[in-house]
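Source file: run.cif; contents: mmCIF, C-alpha atoms.
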```
data_target
loop_
_atom_site.label_atom_id
_atom_site.label_comp_id
_atom_site.auth_asym_id
_atom_site.auth_seq_id
_atom_site.Cartn_x
_atom_site.Cartn_y
_atom_site.Cartn_z
CA MET A 1 -16.34 -16.45 10.80
CA THR A 2 -12.97 -14.71 10.44
CA LEU A 3 -12.81 -11.81 8.06
CA ALA A 4 -10.94 -12.53 4.83
CA LEU A 5 -8.83 -10.06 2.89
CA TYR A 6 -7.84 -10.97 -0.65
CA SER A 7 -4.38 -9.47 -1.18
CA LEU A 8 -2.20 -9.32 -4.27
CA CYS A 9 0.85 -11.58 -4.24
CA GLY A 10 3.70 -12.42 -6.56
CA ALA A 11 5.08 -15.84 -7.49
CA ASN A 12 5.81 -16.31 -3.79
CA PRO A 13 2.35 -16.45 -2.17
CA GLN A 14 3.74 -14.68 0.90
CA HIS A 15 5.20 -11.82 -1.13
CA PHE A 16 2.44 -9.27 -0.61
CA PHE A 17 3.46 -6.07 -2.36
CA SER A 18 0.39 -4.03 -3.33
CA PRO A 19 0.30 -0.60 -1.66
CA HIS A 20 -3.49 -0.66 -1.62
CA CYS A 21 -3.63 -4.08 0.01
CA TRP A 22 -1.16 -2.99 2.65
CA LYS A 23 -3.43 -0.06 3.51
CA ALA A 24 -6.27 -2.50 4.13
CA VAL A 25 -4.04 -4.87 6.12
CA MET A 26 -2.95 -2.06 8.44
CA ALA A 27 -6.52 -0.78 8.78
CA LEU A 28 -7.74 -4.20 9.90
CA ALA A 29 -4.82 -4.57 12.30
CA HIS A 30 -5.44 -1.07 13.67
CA LYS A 31 -9.02 -2.10 14.44
CA GLY A 32 -7.72 -5.20 16.22
CA LEU A 33 -9.74 -7.50 13.99
CA ALA A 34 -8.72 -11.09 13.33
CA PHE A 35 -8.56 -11.75 9.61
CA GLU A 36 -7.16 -14.19 7.09
CA GLU A 37 -5.04 -12.68 4.33
CA ILE A 38 -5.62 -14.73 1.19
CA PRO A 39 -2.81 -14.62 -1.41
CA THR A 40 -4.29 -13.76 -4.80
CA THR A 41 -2.60 -13.37 -8.16
CA TYR A 42 -3.89 -11.05 -10.86
CA ALA A 43 -5.37 -14.10 -12.58
CA GLY A 44 -7.23 -15.04 -9.42
CA ILE A 45 -9.06 -11.74 -8.95
CA ALA A 46 -11.92 -12.70 -11.29
CA LYS A 47 -12.69 -15.72 -9.10
CA ILE A 48 -13.57 -13.61 -6.05
CA GLY A 49 -17.29 -13.32 -5.51
CA GLY A 50 -18.12 -14.20 -9.09
CA GLY A 51 -16.08 -11.33 -10.49
CA PHE A 52 -17.12 -8.83 -7.79
CA SER A 53 -14.18 -6.49 -8.43
CA PRO A 54 -11.49 -6.11 -11.10
CA THR A 55 -8.98 -4.95 -8.48
CA LEU A 56 -7.67 -5.78 -5.02
CA PRO A 57 -7.97 -5.58 -2.09
CA VAL A 58 -11.33 -7.21 -1.50
CA LEU A 59 -12.62 -7.64 2.03
CA ASP A 60 -15.11 -10.42 2.79
CA ASP A 61 -16.90 -9.79 6.07
CA ASN A 62 -19.22 -12.77 6.47
CA GLY A 63 -20.30 -12.59 2.85
CA HIS A 64 -20.38 -8.80 2.63
CA LEU A 65 -17.77 -7.82 0.04
CA VAL A 66 -16.02 -4.46 -0.06
CA THR A 67 -13.32 -3.35 -2.49
CA ASP A 68 -10.97 -0.33 -2.63
CA SER A 69 -8.73 0.33 0.35
CA PHE A 70 -10.34 3.65 1.29
CA ALA A 71 -13.83 2.17 1.04
CA ILE A 72 -12.67 -0.72 3.23
CA ALA A 73 -11.40 1.72 5.85
CA LEU A 74 -14.70 3.63 5.80
CA TYR A 75 -16.61 0.35 6.09
CA LEU A 76 -14.52 -0.81 9.05
CA GLU A 77 -15.03 2.54 10.79
CA GLU A 78 -18.80 2.22 10.45
CA ALA A 79 -19.12 -1.52 11.05
CA TYR A 80 -16.79 -1.64 14.08
CA PRO A 81 -17.25 1.71 15.87
CA ASP A 82 -16.22 0.22 19.22
CA ARG A 83 -12.71 -0.47 17.90
CA PRO A 84 -9.91 2.15 17.64
CA SER A 85 -10.81 4.83 15.12
CA LEU A 86 -9.02 4.97 11.77
CA PHE A 87 -9.88 8.63 11.24
CA GLY A 88 -10.58 10.31 14.58
CA GLY A 89 -13.64 12.03 13.16
CA GLU A 90 -14.76 13.67 9.94
CA GLY A 91 -11.67 15.87 9.82
CA GLY A 92 -9.51 12.76 9.69
CA LYS A 93 -11.43 11.48 6.70
CA ALA A 94 -10.86 14.75 4.86
CA LEU A 95 -7.18 14.71 5.82
CA SER A 96 -6.87 11.16 4.52
CA ARG A 97 -8.31 12.12 1.13
CA MET A 98 -5.64 14.81 0.78
CA VAL A 99 -2.90 12.37 1.82
CA GLU A 100 -4.29 9.81 -0.64
CA GLY A 101 -3.94 12.35 -3.45
CA TYR A 102 -0.35 13.19 -2.47
CA SER A 103 0.58 9.53 -2.18
CA GLN A 104 -0.94 8.37 -5.46
CA MET A 105 -0.07 11.39 -7.60
CA VAL A 106 3.46 11.99 -6.34
CA ILE A 107 4.85 8.96 -4.51
CA HIS A 108 3.20 6.20 -6.55
CA THR A 109 4.14 7.68 -9.90
CA ALA A 110 7.78 7.97 -8.83
CA ILE A 111 7.83 4.40 -7.55
CA MET A 112 6.43 3.14 -10.84
CA ARG A 113 9.32 4.78 -12.69
CA MET A 114 11.80 3.05 -10.41
CA ALA A 115 10.32 -0.34 -9.56
CA LEU A 116 8.16 -1.38 -12.50
CA MET A 117 10.53 -4.09 -13.74
CA ASP A 118 11.14 -5.33 -10.18
CA ILE A 119 7.39 -5.78 -9.77
CA HIS A 120 7.15 -7.56 -13.11
CA GLY A 121 10.01 -9.87 -12.17
CA ALA A 122 8.37 -10.89 -8.89
CA LEU A 123 5.08 -11.92 -10.49
CA ASP A 124 3.71 -15.38 -11.09
CA GLU A 125 4.54 -16.45 -14.67
CA GLY A 126 0.85 -16.46 -15.51
CA ASP A 127 0.54 -12.80 -14.47
CA LYS A 128 3.52 -11.34 -16.30
CA ALA A 129 1.90 -11.06 -19.74
CA TYR A 130 -1.21 -9.42 -18.27
CA PHE A 131 0.87 -7.00 -16.21
CA ARG A 132 3.01 -5.98 -19.18
CA GLU A 133 0.07 -5.52 -21.54
CA SER A 134 -2.10 -3.60 -19.08
CA ARG A 135 0.67 -1.31 -17.81
CA GLU A 136 2.09 -0.59 -21.25
CA GLN A 137 -1.40 0.29 -22.48
CA ARG A 138 -1.94 2.57 -19.48
CA LEU A 139 1.47 4.22 -19.64
CA GLY A 140 1.81 4.35 -23.41
CA ARG A 141 5.35 2.95 -23.31
CA LYS A 142 7.19 -0.33 -22.89
CA LEU A 143 8.02 -1.19 -19.29
CA GLU A 144 11.71 -0.95 -20.06
CA ASP A 145 11.25 2.59 -21.36
CA VAL A 146 9.37 3.65 -18.24
CA VAL A 147 12.35 2.72 -16.02
CA ALA A 148 15.03 3.85 -18.47
CA ASN A 149 15.91 6.83 -16.25
CA ARG A 150 15.76 4.90 -13.00
CA ALA A 151 19.00 6.32 -11.62
CA ALA A 152 17.72 9.87 -12.04
CA GLU A 153 14.38 8.94 -10.51
CA GLU A 154 16.12 7.43 -7.49
CA ALA A 155 18.23 10.56 -7.07
CA ALA A 156 15.10 12.73 -7.15
CA PHE A 157 12.90 10.55 -4.97
CA ALA A 158 13.91 11.82 -1.53
CA ALA A 159 12.80 15.36 -2.40
CA LYS A 160 9.27 14.10 -3.11
CA LEU A 161 8.99 13.15 0.58
CA GLU A 162 9.73 16.66 1.89
CA PRO A 163 6.11 17.20 3.04
CA MET A 164 6.53 14.16 5.29
CA ARG A 165 9.76 15.53 6.77
CA HIS A 166 8.07 18.83 7.50
CA MET A 167 5.26 17.05 9.34
CA LEU A 168 7.72 14.88 11.30
CA LYS A 169 9.30 17.98 12.84
CA PHE A 170 6.15 18.30 14.94
CA GLN A 171 4.76 14.81 15.53
CA PRO A 172 5.71 11.13 15.16
CA PHE A 173 2.79 10.20 12.88
CA ILE A 174 0.56 11.92 10.36
CA GLY A 175 -2.23 11.17 12.84
CA GLY A 176 -0.35 12.92 15.64
CA GLU A 177 0.99 10.96 18.59
CA SER A 178 -0.43 7.74 17.15
CA PRO A 179 -1.17 6.57 13.60
CA LEU A 180 -4.39 6.94 11.66
CA PHE A 181 -5.44 5.71 8.24
CA ALA A 182 -3.58 8.65 6.70
CA ASP A 183 -0.34 7.06 7.92
CA TYR A 184 -1.27 3.74 6.38
CA ILE A 185 -1.82 5.40 3.01
CA VAL A 186 1.79 6.58 2.80
CA PHE A 187 3.02 3.45 4.53
CA GLY A 188 1.43 1.36 1.78
CA ALA A 189 3.33 3.28 -0.86
CA LEU A 190 6.72 3.01 0.85
CA GLN A 191 6.12 -0.63 1.79
CA TRP A 192 5.49 -1.28 -1.91
CA LEU A 193 8.88 0.26 -2.69
CA ARG A 194 10.58 -1.49 0.24
CA VAL A 195 9.53 -5.02 -0.75
CA THR A 196 9.97 -4.65 -4.52
CA ALA A 197 13.03 -2.44 -5.06
CA GLY A 198 14.39 -1.58 -1.61
CA LEU A 199 15.03 1.78 0.00
CA SER A 200 18.65 2.43 -0.96
CA MET A 201 17.62 5.80 -2.43
CA LEU A 202 16.82 7.09 1.07
CA ALA A 203 19.50 7.95 3.64
CA PRO A 204 19.46 5.70 6.73
CA ASP A 205 19.06 8.77 8.98
CA ASP A 206 16.15 10.19 6.95
CA PRO A 207 13.25 11.05 9.30
CA VAL A 208 10.92 9.34 6.83
CA VAL A 209 12.87 6.10 7.25
CA ALA A 210 12.49 6.43 11.03
CA TRP A 211 8.73 6.97 10.57
CA LEU A 212 8.55 3.93 8.29
CA ASP A 213 10.35 1.85 10.92
CA ARG A 214 7.78 2.93 13.49
CA CYS A 215 5.01 1.87 11.13
CA LEU A 216 6.70 -1.46 10.46
CA ASP A 217 6.75 -2.09 14.21
CA LEU A 218 3.01 -1.44 14.59
CA HIS A 219 0.48 -4.22 15.23
CA GLU A 220 2.99 -6.89 16.25
CA SER A 221 5.31 -5.86 13.40
CA ARG A 222 2.81 -6.86 10.73
CA GLY A 223 4.70 -4.88 8.07
CA ARG A 224 7.87 -6.86 8.72
CA THR A 225 6.26 -10.16 7.70
CA VAL A 226 7.50 -9.38 4.18
CA THR A 227 11.24 -8.74 3.93
CA ALA A 228 12.81 -5.85 2.08
CA ALA A 229 14.21 -6.31 -1.42
#
```
Kindly transcribe the structure held in the file into structure tokens.
Amino acid sequence: MTLALYSLCGANPQHFFSPHCWKAVMALAHKGLAFEEIPTTYAGIAKIGGGFSPTLPVLDDNGHLVTDSFAIALYLEEAYPDRPSLFGGEGGKALSRMVEGYSQMVIHTAIMRMALMDIHGALDEGDKAYFRESREQRLGRKLEDVVANRAAEEAAFAAKLEPMRHMLKFQPFIGGESPLFADYIVFGALQWLRVTAGLSMLAPDDPVVAWLDRCLDLHESRGRTVTAA
């Protein structure tokens, strides 16, 4: 049986935009595993495994369900040790936790302040009310208020990627000469931005853009199966 990955989609079932789902997609591709990516709206999450998880991604490996992108990567590393490593050892796991913190606390929060209404606009009509209510409750503000200073956020965004530029002076990937799961963590974030709001806030010659292009070309250009906004 082929592995199945339930991934978040918008109104277009091929518009996969979740940063966490993209991490899992790239992890599976890195391992060279054949899998079916199943488009899932927010409303459809509760139907997976009898309400197994409130969030996506969810991996189904012959009836064994795993949720959370990092947990999926750890599972794949243990379940398929003969395939290319996602971490390169225990040090790579620790590195990935640090990168996860940087990505979610710095990059994700900035993207939310830029792309929140773009994400809302791309959703299935049945998901829009849920998305608005849940995000406004979490953020304590209306969606429109969150993105009110979008122009300023876009102007400030490039500076938040300076740690990546520093790293790219020495190596082509966070993992070194080739990518590891740590790369897919940041890739997921920037892919989220790319397919929802675009990357006009980054200069075409930015080293981070070149790194992202390298990531988009990985695994038979899996990342390019969804076009940029």
Using the chain letters and numbering of this document, enumerate as a list in words the residues selected by the PyMOL selection byres ((chain A and resi 140-151) around 8).
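Against this file, the PyMOL selection byres ((chain A and resi 140-151) around 8) returns the residues Met112, Arg113, Met114, Ala115, Leu116, Met117, Arg132, Arg135, Glu136, Gln137, Arg138, Leu139, Ala152, Glu153, Glu154 and Ala155 of chain A.
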Would you pick out the contacts of Gly223 of chain A at 12 Å or less, using only C-alpha atoms, so that residues sharing its chain but fewer than 2 positions from it are not included, and give the list as a PyMOL selection string?
chain A and resi 15-17+19+21-27+29+184+187-188+190-192+194-195+212-221+225-228
Preceding selection exported with C-alpha atoms as a CSV table (one decimal), in the coordinates of the input:
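And here is the file that came out, out_28.csv:
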```
chain,number,residue,atom,x,y,z
A,15,HIS,CA,5.2,-11.8,-1.1
A,16,PHE,CA,2.4,-9.3,-0.6
A,17,PHE,CA,3.5,-6.1,-2.4
A,19,PRO,CA,0.3,-0.6,-1.7
A,21,CYS,CA,-3.6,-4.1,0.0
A,22,TRP,CA,-1.2,-3.0,2.6
A,23,LYS,CA,-3.4,-0.1,3.5
A,24,ALA,CA,-6.3,-2.5,4.1
A,25,VAL,CA,-4.0,-4.9,6.1
A,26,MET,CA,-3.0,-2.1,8.4
A,27,ALA,CA,-6.5,-0.8,8.8
A,29,ALA,CA,-4.8,-4.6,12.3
A,184,TYR,CA,-1.3,3.7,6.4
A,187,PHE,CA,3.0,3.4,4.5
A,188,GLY,CA,1.4,1.4,1.8
A,190,LEU,CA,6.7,3.0,0.8
A,191,GLN,CA,6.1,-0.6,1.8
A,192,TRP,CA,5.5,-1.3,-1.9
A,194,ARG,CA,10.6,-1.5,0.2
A,195,VAL,CA,9.5,-5.0,-0.8
A,212,LEU,CA,8.6,3.9,8.3
A,213,ASP,CA,10.4,1.8,10.9
A,214,ARG,CA,7.8,2.9,13.5
A,215,CYS,CA,5.0,1.9,11.1
A,216,LEU,CA,6.7,-1.5,10.5
A,217,ASP,CA,6.8,-2.1,14.2
A,218,LEU,CA,3.0,-1.4,14.6
A,219,HIS,CA,0.5,-4.2,15.2
A,220,GLU,CA,3.0,-6.9,16.2
A,221,SER,CA,5.3,-5.9,13.4
A,225,THR,CA,6.3,-10.2,7.7
A,226,VAL,CA,7.5,-9.4,4.2
A,227,THR,CA,11.2,-8.7,3.9
A,228,ALA,CA,12.8,-5.8,2.1
```
May I ask for the distance between atom CA of Thr196 of chain A and atom CA of Leu65 of chain A, given in Å to one decimal place?
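Atom CA of Leu65 of chain A lies at a distance of 28.3 Å from atom CA of Thr196 of chain A.
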Could you give me, as a list in words, the residues that sit within 6 Å of (-2.6, 12.1, 3.5) in the file's coordinates, counting all atoms listed in the file?
Leu95, Ser96, Met98, Val99, Glu100 and Ala182 of chain A
Got a sec to check which residues sit within 12 Å of (-10.8, 3.4, 3.1), counting all atoms listed in the file, and write them as number ranges by chain?
A: 20-28, 57-59, 66-78, 86-87, 92-94, 96-97, 100, 180-182, 184-185
Could you tell me how far atom CA of Met105 of chain A sits from atom CA of Asp118 of chain A, in Å to one decimal place?
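Distance reported for this atom pair: 20.3 Å.
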Starting from the shown file, work through the PyMOL selection byres ((chain A and resi 38) around 12) and note down what comes out as a tab-separated table (two decimals) with C-alpha atoms, in the frame of the given file.
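Everything below was put into part-v1.tsv:
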```tsv
chain	number	residue	atom	x	y	z
A	2	THR	CA	-12.97	-14.71	10.44
A	3	LEU	CA	-12.81	-11.81	8.06
A	4	ALA	CA	-10.94	-12.53	4.83
A	5	LEU	CA	-8.83	-10.06	2.89
A	6	TYR	CA	-7.84	-10.97	-0.65
A	7	SER	CA	-4.38	-9.47	-1.18
A	8	LEU	CA	-2.20	-9.32	-4.27
A	9	CYS	CA	0.85	-11.58	-4.24
A	13	PRO	CA	2.35	-16.45	-2.17
A	14	GLN	CA	3.74	-14.68	0.90
A	15	HIS	CA	5.20	-11.82	-1.13
A	16	PHE	CA	2.44	-9.27	-0.61
A	21	CYS	CA	-3.63	-4.08	0.01
A	25	VAL	CA	-4.04	-4.87	6.12
A	35	PHE	CA	-8.56	-11.75	9.61
A	36	GLU	CA	-7.16	-14.19	7.09
A	37	GLU	CA	-5.04	-12.68	4.33
A	39	PRO	CA	-2.81	-14.62	-1.41
A	40	THR	CA	-4.29	-13.76	-4.80
A	41	THR	CA	-2.60	-13.37	-8.16
A	44	GLY	CA	-7.23	-15.04	-9.42
A	45	ILE	CA	-9.06	-11.74	-8.95
A	48	ILE	CA	-13.57	-13.61	-6.05
A	56	LEU	CA	-7.67	-5.78	-5.02
A	57	PRO	CA	-7.97	-5.58	-2.09
A	58	VAL	CA	-11.33	-7.21	-1.50
A	59	LEU	CA	-12.62	-7.64	2.03
A	60	ASP	CA	-15.11	-10.42	2.79
```
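For the set A:Leu123, A:Ile174, A:Ile107, A:Ala203, the residue with the smallest atom-to-atom gap to Leu161 of chain A is A:Ile107, counting all atoms listed in the file.
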The distance between atom CA of Ser200 of chain A and atom CA of Pro172 of chain A is 22.4 Å
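Using only C-alpha atoms, the contacts of Glu162 of chain A at a cut-off of 12 Å, with sequence neighbours closer than 6 positions omitted, comprise A:Tyr102, A:Val106, A:Ile107, A:Ala156, A:Leu168, A:Lys169, A:Leu202, A:Asp206, A:Pro207, A:Val208.
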What would the file look like if the residues just selected were written as a CSV table (one decimal), in the coordinates of the input with C-alpha atoms?
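To be explicit, this is the file written out as result_5.csv:
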```csv
chain,number,residue,atom,x,y,z
A,102,TYR,CA,-0.4,13.2,-2.5
A,106,VAL,CA,3.5,12.0,-6.3
A,107,ILE,CA,4.8,9.0,-4.5
A,156,ALA,CA,15.1,12.7,-7.2
A,168,LEU,CA,7.7,14.9,11.3
A,169,LYS,CA,9.3,18.0,12.8
A,202,LEU,CA,16.8,7.1,1.1
A,206,ASP,CA,16.2,10.2,7.0
A,207,PRO,CA,13.2,11.0,9.3
A,208,VAL,CA,10.9,9.3,6.8
```
Each side padded by 6 Å, which centre and which edge lengths in Å (one decimal) define the axis-aligned box around the listed atoms of segment 36-46 of chain A? Give them as lines of an AutoDock Vina configuration file.
```
center_x = -7.3
center_y = -13.0
center_z = -2.7
size_x = 21.3
size_y = 16.0
size_z = 31.7
```
A:Gly101, A:Gly50, A:Gly198, A:Gly121: which is nearest Ala11 of chain A, counting all atoms listed in the file?
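Using all atoms listed in the file, the shortest distance to Ala11 of chain A belongs to A:Gly121.
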